[in-house]
>>> print(open('query16.cif').read())   # mmCIF, C-alpha atoms
data_final
#
loop_
_atom_site.label_atom_id
_atom_site.label_comp_id
_atom_site.auth_asym_id
_atom_site.auth_seq_id
_atom_site.Cartn_x
_atom_site.Cartn_y
_atom_site.Cartn_z
CA MET Z 1 -8.47 96.65 -74.77
CA PRO Z 2 -10.63 93.58 -75.59
CA ARG Z 3 -14.34 93.76 -74.81
CA ILE Z 4 -14.26 90.97 -72.23
CA GLN Z 5 -11.60 92.84 -70.30
CA ILE Z 6 -13.72 95.98 -70.11
CA ILE Z 7 -16.77 93.94 -69.01
CA THR Z 8 -14.76 92.17 -66.31
CA ILE Z 9 -13.33 95.40 -64.97
CA ILE Z 10 -16.77 97.02 -64.80
CA LEU Z 11 -18.32 93.97 -63.09
CA SER Z 12 -15.49 93.73 -60.55
CA VAL Z 13 -15.74 97.39 -59.65
CA LEU Z 14 -19.53 97.10 -59.34
CA LEU Z 15 -19.09 94.09 -57.02
CA LEU Z 16 -16.64 96.08 -54.89
CA LEU Z 17 -19.11 98.98 -54.69
CA PHE Z 18 -21.93 96.58 -53.79
CA ILE Z 19 -19.85 95.09 -50.94
CA ALA Z 20 -19.00 98.59 -49.71
CA ARG Z 21 -22.70 99.47 -49.75
CA LEU Z 22 -23.56 96.36 -47.72
CA ILE Z 23 -20.96 97.28 -45.10
CA ILE Z 24 -22.13 100.91 -44.92
CA LYS Z 25 -25.75 99.82 -44.50
CA GLY Z 26 -24.70 97.44 -41.71
CA LYS Z 27 -25.83 94.31 -43.56
CA LEU Z 28 -22.35 92.79 -43.73
CA ARG Z 29 -19.90 92.80 -40.87
CA GLU Z 30 -16.38 93.99 -41.67
CA GLU Z 31 -14.70 90.76 -40.55
CA TYR Z 32 -16.69 88.77 -43.10
CA ALA Z 33 -16.29 91.48 -45.74
CA ILE Z 34 -12.49 91.28 -45.74
CA VAL Z 35 -12.50 88.06 -47.76
CA TRP Z 36 -14.93 89.51 -50.28
CA ILE Z 37 -13.01 92.75 -50.68
CA LEU Z 38 -9.74 90.85 -51.18
CA SER Z 39 -11.24 88.55 -53.80
CA THR Z 40 -12.78 91.48 -55.65
CA LEU Z 41 -9.45 93.31 -55.61
CA LEU Z 42 -7.80 90.18 -57.05
CA LEU Z 43 -10.42 90.11 -59.78
CA ILE Z 44 -9.74 93.74 -60.62
CA ILE Z 45 -5.96 93.26 -60.64
CA PHE Z 46 -6.18 90.33 -63.03
CA SER Z 47 -8.72 92.13 -65.22
CA PHE Z 48 -6.07 94.74 -65.93
CA TRP Z 49 -3.04 92.47 -65.86
CA ARG Z 50 -4.10 89.82 -68.38
CA GLU Z 51 -0.66 88.25 -68.75
CA GLY Z 52 -0.54 87.79 -64.99
CA PHE Z 53 -2.06 84.33 -65.01
CA ASP Z 54 0.30 83.12 -67.72
CA THR Z 55 3.26 84.47 -65.79
CA ILE Z 56 2.18 82.79 -62.54
CA SER Z 57 1.23 79.54 -64.30
CA ASN Z 58 4.64 79.44 -66.00
CA PHE Z 59 6.34 80.03 -62.71
CA LEU Z 60 4.35 77.25 -60.97
CA GLU Z 61 4.72 75.02 -64.05
CA VAL Z 62 0.97 74.61 -64.40
CA TYR Z 63 0.20 73.03 -67.78
CA SER Z 64 -2.78 75.24 -68.59
CA PRO Z 65 -3.49 78.60 -66.85
CA PRO Z 66 -7.28 78.05 -66.49
CA ASN Z 67 -6.49 75.00 -64.30
CA LEU Z 68 -4.72 77.34 -61.89
CA ILE Z 69 -7.83 79.51 -61.71
CA PHE Z 70 -10.11 76.57 -60.97
CA THR Z 71 -7.78 75.06 -58.38
CA GLY Z 72 -7.26 78.37 -56.65
CA ALA Z 73 -10.90 79.42 -56.75
CA ILE Z 74 -12.33 76.08 -55.57
CA GLY Z 75 -9.72 75.88 -52.80
CA ALA Z 76 -10.56 79.36 -51.60
CA VAL Z 77 -14.32 78.66 -51.72
CA LEU Z 78 -13.90 75.44 -49.70
CA ILE Z 79 -11.85 77.15 -47.01
CA TYR Z 80 -14.33 79.99 -46.81
CA LEU Z 81 -17.23 77.53 -46.51
CA LEU Z 82 -15.43 75.82 -43.65
CA HIS Z 83 -15.01 79.18 -41.98
CA LEU Z 84 -18.75 79.84 -42.37
CA SER Z 85 -19.55 76.44 -40.78
CA VAL Z 86 -17.44 77.49 -37.80
CA VAL Z 87 -19.34 80.77 -37.60
CA VAL Z 88 -22.69 78.93 -37.76
CA SER Z 89 -21.62 76.49 -35.02
CA LYS Z 90 -20.66 79.39 -32.78
CA LEU Z 91 -23.95 81.15 -33.46
CA GLN Z 92 -25.88 77.96 -32.68
CA GLU Z 93 -24.11 77.58 -29.34
CA GLN Z 94 -24.75 81.23 -28.43
CA ASN Z 95 -28.36 80.92 -29.53
CA LYS Z 96 -28.79 77.84 -27.32
CA ARG Z 97 -27.35 79.58 -24.27
CA LEU Z 98 -29.57 82.61 -24.82
CA THR Z 99 -32.70 80.49 -25.21
CA GLN Z 100 -31.90 78.53 -22.05
CA GLU Z 101 -31.20 81.61 -19.99
CA LEU Z 102 -34.36 83.34 -21.17
CA ALA Z 103 -36.53 80.27 -20.47
CA ASN Z 104 -35.04 79.81 -17.00
CA MET Z 105 -35.43 83.51 -16.16
CA ARG Z 106 -39.09 83.38 -17.13
CA ALA Z 107 -39.64 80.23 -15.07
CA GLN Z 108 -37.88 81.75 -12.05
CA GLN Z 109 -39.98 84.89 -12.32
CA GLN Z 110 -43.17 82.83 -12.47
CA THR Z 111 -42.29 80.72 -9.44
CA ASP Z 112 -41.35 83.87 -7.50
CA GLU Z 113 -44.70 85.43 -8.38
CA LYS Z 114 -46.51 82.27 -7.29
CA LYS Z 115 -44.61 82.28 -3.99
CA ASN Z 116 -45.48 85.92 -3.35
CA ALA Z 117 -49.12 85.36 -4.23
CA GLY Z 118 -49.46 82.24 -2.11
CA MET W 1 -34.10 70.24 6.31
CA GLN W 2 -36.03 68.85 3.38
CA GLN W 3 -33.96 68.12 0.29
CA ARG W 4 -35.33 69.25 -3.05
CA ILE W 5 -35.06 67.12 -6.16
CA ALA W 6 -35.80 68.61 -9.57
CA VAL W 7 -37.52 66.05 -11.78
CA ILE W 8 -36.65 67.32 -15.24
CA ILE W 9 -39.17 66.27 -17.89
CA PRO W 10 -38.24 67.34 -21.42
CA ALA W 11 -41.44 67.57 -23.47
CA TYR W 12 -41.87 67.98 -27.19
CA ASN W 13 -45.44 67.38 -28.39
CA GLU W 14 -46.30 65.20 -25.40
CA GLU W 15 -49.88 66.37 -24.79
CA SER W 16 -51.18 62.80 -24.46
CA ALA W 17 -48.89 61.65 -21.65
CA ILE W 18 -47.38 64.66 -19.91
CA ALA W 19 -50.16 65.37 -17.38
CA ALA W 20 -50.07 61.78 -16.09
CA VAL W 21 -46.26 61.91 -15.74
CA ILE W 22 -46.44 65.17 -13.77
CA ASN W 23 -49.15 63.75 -11.49
CA SER W 24 -47.22 60.59 -10.74
CA VAL W 25 -44.14 62.66 -9.83
CA ASN W 26 -46.21 64.82 -7.49
CA ALA W 27 -47.67 61.65 -5.98
CA LEU W 28 -44.18 60.81 -4.64
CA ASN W 29 -44.44 63.66 -2.13
CA THR W 30 -45.78 62.45 1.19
CA SER W 31 -46.09 64.61 4.27
CA GLY W 32 -43.10 64.41 6.57
CA SER W 33 -40.86 63.03 3.85
CA LEU W 34 -37.18 64.00 3.81
CA TYR W 35 -37.44 64.75 0.13
CA ARG W 36 -39.53 66.99 -2.05
CA PHE W 37 -39.79 66.08 -5.73
CA ILE W 38 -40.60 69.02 -7.96
CA PRO W 39 -41.50 68.42 -11.63
CA LEU W 40 -39.64 70.80 -13.92
CA VAL W 41 -41.15 70.48 -17.38
CA ILE W 42 -39.09 71.82 -20.26
CA ASN W 43 -41.42 72.58 -23.15
CA ASP W 44 -39.14 72.44 -26.20
CA CYS W 45 -41.32 74.61 -28.43
CA SER W 46 -44.12 72.02 -28.73
CA LYS W 47 -46.62 72.56 -31.52
CA ASP W 48 -49.51 70.85 -29.71
CA SER W 49 -51.22 71.81 -26.44
CA THR W 50 -48.28 70.73 -24.21
CA ALA W 51 -47.68 74.37 -23.19
CA GLU W 52 -51.24 74.92 -21.94
CA ILE W 53 -51.33 71.57 -20.14
CA ILE W 54 -48.12 72.17 -18.19
CA ASN W 55 -49.07 75.77 -17.35
CA LYS W 56 -52.19 74.42 -15.64
CA SER W 57 -50.35 71.52 -13.93
CA ASP W 58 -48.63 71.51 -10.56
CA CYS W 59 -45.07 71.89 -11.85
CA ILE W 60 -42.49 74.49 -12.81
CA PRO W 61 -43.04 75.10 -16.53
CA VAL W 62 -40.00 76.19 -18.55
CA HIS W 63 -40.81 77.31 -22.08
CA LEU W 64 -38.01 77.40 -24.64
CA ALA W 65 -38.54 80.10 -27.25
CA VAL W 66 -36.61 78.12 -29.85
CA ASN W 67 -36.59 74.34 -30.33
CA LEU W 68 -33.25 73.14 -28.93
CA GLY W 69 -33.64 69.36 -29.16
CA ILE W 70 -33.46 66.90 -26.28
CA GLY W 71 -29.91 67.75 -25.14
CA GLY W 72 -30.43 71.50 -25.00
CA ALA W 73 -33.80 71.04 -23.27
CA VAL W 74 -32.44 68.72 -20.58
CA GLN W 75 -29.43 70.99 -20.03
CA THR W 76 -31.84 73.89 -19.45
CA GLY W 77 -33.35 71.88 -16.60
CA PHE W 78 -29.93 71.00 -15.18
CA ILE W 79 -28.93 74.69 -15.20
CA PHE W 80 -32.22 75.66 -13.53
CA ALA W 81 -31.70 73.04 -10.82
CA LEU W 82 -28.11 74.17 -10.23
CA GLU W 83 -28.90 77.88 -10.10
CA ASN W 84 -31.95 77.44 -7.88
CA GLY W 85 -30.17 75.37 -5.25
CA PHE W 86 -31.78 71.98 -5.86
CA ASP W 87 -29.89 69.17 -4.14
CA TYR W 88 -30.38 66.66 -6.95
CA ALA W 89 -31.82 66.59 -10.44
CA ILE W 90 -33.26 63.61 -12.28
CA GLN W 91 -34.22 63.48 -15.91
CA ILE W 92 -37.17 61.34 -16.98
CA ASP W 93 -38.97 61.10 -20.31
CA GLY W 94 -42.22 62.96 -20.88
CA ASP W 95 -43.89 60.01 -22.59
CA GLY W 96 -44.37 57.80 -19.55
CA GLN W 97 -41.53 55.33 -20.25
CA HIS W 98 -39.86 55.96 -16.91
CA PRO W 99 -42.02 55.09 -13.87
CA PRO W 100 -41.44 57.83 -11.24
CA GLU W 101 -41.82 55.36 -8.36
CA PHE W 102 -38.20 54.32 -8.99
CA ILE W 103 -36.93 57.87 -8.36
CA PRO W 104 -36.76 57.64 -4.52
CA LYS W 105 -35.04 54.24 -4.79
CA MET W 106 -32.48 55.61 -7.22
CA LEU W 107 -31.84 58.52 -4.85
CA GLU W 108 -31.25 56.16 -1.91
CA GLU W 109 -28.85 54.09 -3.99
CA LEU W 110 -26.99 57.19 -5.21
CA LYS W 111 -26.47 58.33 -1.63
CA ALA W 112 -25.67 54.89 -0.25
CA LYS W 113 -23.01 54.21 -2.87
CA ASN W 114 -21.67 57.77 -2.89
CA LEU W 115 -22.34 58.16 -6.60
CA ASP W 116 -22.48 61.39 -8.59
CA VAL W 117 -24.60 60.00 -11.41
CA ILE W 118 -27.04 57.08 -11.34
CA ILE W 119 -28.64 55.68 -14.47
CA GLY W 120 -31.94 53.77 -14.53
CA SER W 121 -31.28 50.56 -16.43
CA ARG W 122 -33.55 48.07 -18.21
CA PHE W 123 -30.86 45.46 -18.59
CA LEU W 124 -29.70 44.70 -15.07
CA THR W 125 -32.64 42.45 -14.25
CA ASN W 126 -34.09 42.32 -17.79
CA GLU W 127 -37.57 43.06 -16.49
CA GLY W 128 -40.12 45.39 -18.02
CA PHE W 129 -40.10 46.76 -21.57
CA GLN W 130 -36.90 45.62 -23.29
CA SER W 131 -37.02 47.49 -26.63
CA THR W 132 -36.41 45.84 -29.99
CA LEU W 133 -33.44 43.62 -30.91
CA ALA W 134 -31.94 46.22 -33.27
CA ARG W 135 -32.10 48.87 -30.58
CA ARG W 136 -30.62 46.56 -27.97
CA MET W 137 -27.70 45.89 -30.35
CA GLY W 138 -27.13 49.63 -30.71
CA ILE W 139 -27.29 50.10 -26.95
CA ASN W 140 -24.84 47.24 -26.49
CA TYR W 141 -22.46 48.76 -29.03
CA PHE W 142 -22.27 52.01 -27.04
CA HIS W 143 -21.87 49.99 -23.85
CA HIS W 144 -18.75 48.36 -25.28
CA LEU W 145 -17.43 51.55 -26.90
CA ASN W 146 -17.66 53.42 -23.59
CA LYS W 147 -16.17 50.52 -21.67
CA TRP W 148 -13.21 50.39 -24.02
CA LEU W 149 -12.69 54.16 -24.15
CA VAL W 150 -13.20 55.26 -20.54
CA GLY W 151 -13.53 51.98 -18.68
CA VAL W 152 -17.07 52.59 -17.50
CA ALA W 153 -19.48 49.74 -18.11
CA ILE W 154 -23.02 51.07 -18.32
CA LYS W 155 -25.34 48.43 -19.75
CA ASP W 156 -28.24 50.70 -20.63
CA SER W 157 -26.07 53.30 -22.34
CA THR W 158 -28.97 55.15 -23.98
CA SER W 159 -31.26 55.29 -20.95
CA GLY W 160 -32.59 58.80 -20.43
CA MET W 161 -33.46 58.22 -16.78
CA ARG W 162 -30.50 59.73 -14.93
CA MET W 163 -30.04 61.37 -11.56
CA LEU W 164 -27.22 63.83 -10.90
CA ASN W 165 -25.93 65.40 -7.71
CA ARG W 166 -24.69 68.98 -7.62
CA LYS W 167 -21.12 67.98 -8.49
CA ALA W 168 -22.40 66.39 -11.71
CA LEU W 169 -24.69 69.36 -12.36
CA GLN W 170 -21.61 71.61 -12.38
CA VAL W 171 -20.19 69.46 -15.18
CA VAL W 172 -23.31 69.49 -17.39
CA ASN W 173 -23.72 73.22 -16.80
CA GLU W 174 -20.47 73.71 -18.74
CA TYR W 175 -21.21 71.34 -21.59
CA TYR W 176 -23.93 68.90 -22.55
CA PRO W 177 -24.39 67.31 -25.99
CA ASP W 178 -27.27 68.65 -28.11
CA GLU W 179 -28.35 65.67 -30.15
CA TYR W 180 -28.74 62.08 -28.83
CA PRO W 181 -26.84 63.04 -25.67
CA GLU W 182 -27.05 59.86 -23.59
CA PRO W 183 -24.06 57.69 -24.65
CA GLU W 184 -21.83 60.74 -25.07
CA ALA W 185 -22.77 62.08 -21.63
CA ILE W 186 -21.41 58.88 -20.03
CA VAL W 187 -17.99 59.71 -21.52
CA LEU W 188 -18.41 63.27 -20.27
CA TYR W 189 -19.05 62.04 -16.72
CA ALA W 190 -16.26 59.49 -16.80
CA VAL W 191 -13.59 61.89 -18.06
CA ASN W 192 -14.62 64.36 -15.34
CA ASN W 193 -14.01 61.59 -12.77
CA LEU W 194 -17.62 61.38 -11.61
CA ASN W 195 -18.77 58.16 -9.97
CA ILE W 196 -21.37 56.54 -12.21
CA GLY W 197 -23.71 53.74 -11.21
CA GLU W 198 -26.64 51.85 -12.63
CA PHE W 199 -29.91 50.93 -10.98
CA PRO W 200 -32.45 48.34 -12.21
CA VAL W 201 -35.67 49.95 -13.43
CA GLN W 202 -38.66 48.39 -15.14
CA MET W 203 -39.59 50.71 -17.94
CA ASN W 204 -42.84 50.94 -19.90
CA GLU W 205 -43.42 51.20 -23.59
CA ARG W 206 -43.99 54.83 -24.52
CA GLN W 207 -47.60 55.89 -23.86
CA GLY W 208 -47.76 58.53 -26.58
CA GLY W 209 -45.70 60.50 -29.09
CA VAL W 210 -43.05 59.03 -31.40
CA SER W 211 -39.41 58.13 -30.80
CA SER W 212 -36.85 60.65 -31.99
CA ILE W 213 -34.97 57.83 -33.72
CA ASN W 214 -36.50 55.98 -36.69
CA THR W 215 -34.94 53.33 -38.94
CA SER W 216 -33.28 55.65 -41.44
CA GLY W 217 -32.21 57.89 -38.59
CA SER W 218 -30.54 55.04 -36.74
CA VAL W 219 -27.57 54.85 -39.15
CA TYR W 220 -27.01 58.57 -38.74
CA TYR W 221 -27.50 58.16 -34.99
CA MET W 222 -24.79 55.48 -34.66
CA PHE W 223 -22.36 57.44 -36.81
CA LYS W 224 -23.00 60.81 -35.20
CA VAL W 225 -22.83 59.53 -31.63
CA THR W 226 -19.67 57.49 -32.28
CA LEU W 227 -17.98 60.56 -33.75
CA ALA W 228 -19.24 62.74 -30.90
CA ILE W 229 -17.97 60.27 -28.30
CA PHE W 230 -14.45 60.29 -29.76
CA PHE W 231 -14.31 64.06 -30.12
CA THR W 232 -15.73 64.70 -26.67
CA TYR W 233 -13.17 62.30 -25.24
CA LEU W 234 -10.28 63.99 -27.09
CA ARG W 235 -11.45 67.51 -26.24
CA LEU W 236 -11.87 66.80 -22.54
CA LYS W 237 -8.61 64.85 -22.33
CA SER W 238 -6.66 67.66 -23.99
CA LYS W 239 -8.12 70.16 -21.50
CA LYS W 240 -6.72 68.26 -18.54
#
>>> encode(input="query16.cif", output="structure tokens")
Amino acid sequence: MPRIQIITIILSVLLLLFIARLIIKGKLREEYAIVWILSTLLLIIFSFWREGFDTISNFLEVYSPPNLIFTGAIGAVLIYLLHLSVVVSKLQEQNKRLTQELANMRAQQQTDEKKNAG
Amino acid sequence: MQQRIAVIIPAYNEESAIAAVINSVNALNTSGSLYRFIPLVINDCSKDSTAEIINKSDCIPVHLAVNLGIGGAVQTGFIFALENGFDYAIQIDGDGQHPPEFIPKMLEELKAKNLDVIIGSRFLTNEGFQSTLARRMGINYFHHLNKWLVGVAIKDSTSGMRMLNRKALQVVNEYYPDEYPEPEAIVLYAVNNLNIGEFPVQMNERQGGVSSINTSGSVYYMFKVTLAIFFTYLRLKSKK
């Protein structure tokens, strides 16, 4: 087994363990972890199955296998970034509603207190 | 039965002008009047002494824990007015641009013409502060865009002096734009079949603070608001 293959396998497994640790410690929610676990599993599969990329590239008639990696990886990253933007937008909206409700509750409480005092 | 009108004043770092604005709103209340105007100041996480000033003033102070921007701040006031049974709500700027003495006149006009939303306009009589040429061109662009899209011709499309009845408050309770909300809100009102009118108001130049829109921001402003107008239109149309 070539050295690079051993290094890749070790790194991929470490990454998978790190993600598992984050989930266990509650720092990463499972729904966001799915993507990371899947990509790590892919990394591990292709670390073992070196001819895999050649086989797939041949099948798709990609001229050079590394091109397939770049296209696939960049595409996946872009889609995941889009997903994160959606998550951020949702969080922003929820954050706004919470802030508004809190501010209005405090104002209502104050005016009630004033009414009772006066 | 006296009717209550919430005068929503969004304030971000407005320590120099806010007290005077609150006082001139309170000065509208005369004994025996049919209406009671209550200043509702939304402090959008100001970094200056705005918070202390409004806490000491005769108004309802609403302090946002996180800076939400003009749209989120104004919407907070609309929600407060709706939930606390106010009959009408009017938004005016915290920097003294909008003279409160026009508020009762706008209210009369809103009732007389059976409107849901009435917008204070600089360009009906072209009196008072008229803004710069570049800004007027931008305002005119949104006037035409809205007219073409929803058939509502509001000349002062970016005016932040707007009165809403409870029917309109229900609409903005559901959704109100966050950033640069004024032109987009007109589309929101129109698609929800609210009656919108305009009323001539002589505005002042701002008495303190800085505009939220500078020269480099204006390109972004035009682009962002145009995009927002189209998407709001499509989203609301697809819901119906």
>>> residues_around(input="query16.cif", residues="segment 91-95 of chain Z", least_positions_apart="6", cutoff="10 Å", atoms="all atoms listed in the file", output="list in words")
Ser85 and Glu101 of chain Z; Val66, Leu68, Gly72 and Asp178 of chain W
>>> interface_residues(input="query16.cif", of="chain Z", to="chain W", cutoff="7 Å", atoms="all atoms listed in the file", output="ChimeraX atom specification")
/Z:96,99-100,103-104,107
>>> atom_distance(input="query16.cif", atom1="atom CA of Asn55 of chain W", atom2="atom CA of Phe86 of chain W")
21.1 Å
>>> resolve_selection(input="query16.cif", expression="the PyMOL selection byres ((chain W and resi 100-105) around 12)", output="number ranges by chain")
W: 3-9, 20-30, 33-39, 88-99, 106-112, 118-121, 161-164, 198-204
>>> residues_around(input="query16.cif", residues="segment 214-231 of chain W", least_positions_apart="6", cutoff="12 Å", atoms="only C-alpha atoms", output="number ranges by chain")
W: 132, 134-135, 137-150, 157-158, 176-191, 237-238
>>> residues_around(input="query16.cif", residues="segment 76-79 of chain Z", least_positions_apart="6", cutoff="10 Å", atoms="all atoms listed in the file", output="list in words")
Val35, Ser39, Phe70 and Ser85 of chain Z
>>> atom_distance(input="query16.cif", atom1="atom CA of Ser46 of chain W", atom2="atom CA of Glu15 of chain W")
9.0 Å
>>> atom_distance(input="query16.cif", atom1="atom CA of Pro66 of chain Z", atom2="atom CA of Phe53 of chain Z")
8.3 Å
>>> closest_residue(input="query16.cif", among="W:Thr50, W:Ser57, W:Gln2, W:Asn192", to="Gly32 of chain W", atoms="all atoms listed in the file")
W:Gln2
>>> resolve_selection(input="query16.cif", expression="the PyMOL selection byres ((chain Z and resi 9) around 10)", output="PyMOL selection string")
chain Z and resi 4-8+10-15+43-48
>>> axis_aligned_box(input="query16.cif", around="segment 4-22 of chain Z", padding_each_side="4 Å", output="AutoDock Vina command-line options")
--center_x -17.6 --center_y 95.2 --center_z -60.0 --size_x 20.0 --size_y 16.5 --size_z 32.5
>>> residues_around(input="query16.cif", residues="Phe18 of chain Z", least_positions_apart="4", cutoff="12 Å", atoms="only C-alpha atoms", output="list of chain:residue names")
Z:Leu11, Z:Ser12, Z:Val13, Z:Leu14, Z:Leu22, Z:Ile23, Z:Ile24, Z:Lys25, Z:Lys27, Z:Leu28, Z:Ala33, Z:Trp36, Z:Ile37, Z:Thr40
>>> build_atoms(input="query16.cif", residues="segment 38-52 of chain W", atoms="N, CA and C atoms", output="mmCIF file, in the coordinates of the input")
data_model
loop_
_atom_site.group_PDB
_atom_site.id
_atom_site.type_symbol
_atom_site.label_atom_id
_atom_site.label_comp_id
_atom_site.auth_asym_id
_atom_site.auth_seq_id
_atom_site.Cartn_x
_atom_site.Cartn_y
_atom_site.Cartn_z
ATOM 1 N N ILE W 38 -39.916 67.935 -7.260
ATOM 2 C CA ILE W 38 -40.600 69.020 -7.960
ATOM 3 C C ILE W 38 -40.462 68.819 -9.482
ATOM 4 N N PRO W 39 -41.579 68.601 -10.173
ATOM 5 C CA PRO W 39 -41.500 68.420 -11.630
ATOM 6 C C PRO W 39 -41.115 69.730 -12.312
ATOM 7 N N LEU W 40 -40.132 69.638 -13.182
ATOM 8 C CA LEU W 40 -39.640 70.800 -13.920
ATOM 9 C C LEU W 40 -39.798 70.430 -15.394
ATOM 10 N N VAL W 41 -40.853 70.918 -16.021
ATOM 11 C CA VAL W 41 -41.150 70.480 -17.380
ATOM 12 C C VAL W 41 -40.573 71.465 -18.379
ATOM 13 N N ILE W 42 -39.698 70.957 -19.254
ATOM 14 C CA ILE W 42 -39.090 71.820 -20.260
ATOM 15 C C ILE W 42 -39.869 71.637 -21.570
ATOM 16 N N ASN W 43 -40.652 72.628 -21.912
ATOM 17 C CA ASN W 43 -41.420 72.580 -23.150
ATOM 18 C C ASN W 43 -40.530 73.061 -24.297
ATOM 19 N N ASP W 44 -40.102 72.118 -25.136
ATOM 20 C CA ASP W 44 -39.140 72.440 -26.200
ATOM 21 C C ASP W 44 -39.880 72.924 -27.447
ATOM 22 N N CYS W 45 -40.622 74.009 -27.301
ATOM 23 C CA CYS W 45 -41.320 74.610 -28.430
ATOM 24 C C CYS W 45 -42.329 73.633 -29.063
ATOM 25 N N SER W 46 -43.133 72.984 -28.217
ATOM 26 C CA SER W 46 -44.120 72.020 -28.730
ATOM 27 C C SER W 46 -45.138 72.724 -29.613
ATOM 28 N N LYS W 47 -45.628 71.978 -30.609
ATOM 29 C CA LYS W 47 -46.620 72.560 -31.520
ATOM 30 C C LYS W 47 -48.032 72.199 -31.082
ATOM 31 N N ASP W 48 -48.172 71.232 -30.165
ATOM 32 C CA ASP W 48 -49.510 70.850 -29.710
ATOM 33 C C ASP W 48 -49.855 71.605 -28.417
ATOM 34 N N SER W 49 -50.748 71.063 -27.623
ATOM 35 C CA SER W 49 -51.220 71.810 -26.440
ATOM 36 C C SER W 49 -50.380 71.540 -25.189
ATOM 37 N N THR W 50 -49.156 70.994 -25.363
ATOM 38 C CA THR W 50 -48.280 70.730 -24.210
ATOM 39 C C THR W 50 -48.122 71.967 -23.319
ATOM 40 N N ALA W 51 -47.925 73.138 -23.957
ATOM 41 C CA ALA W 51 -47.680 74.370 -23.190
ATOM 42 C C ALA W 51 -48.843 74.670 -22.252
ATOM 43 N N GLU W 52 -50.073 74.610 -22.768
ATOM 44 C CA GLU W 52 -51.240 74.920 -21.940
ATOM 45 C C GLU W 52 -51.380 73.907 -20.808
#
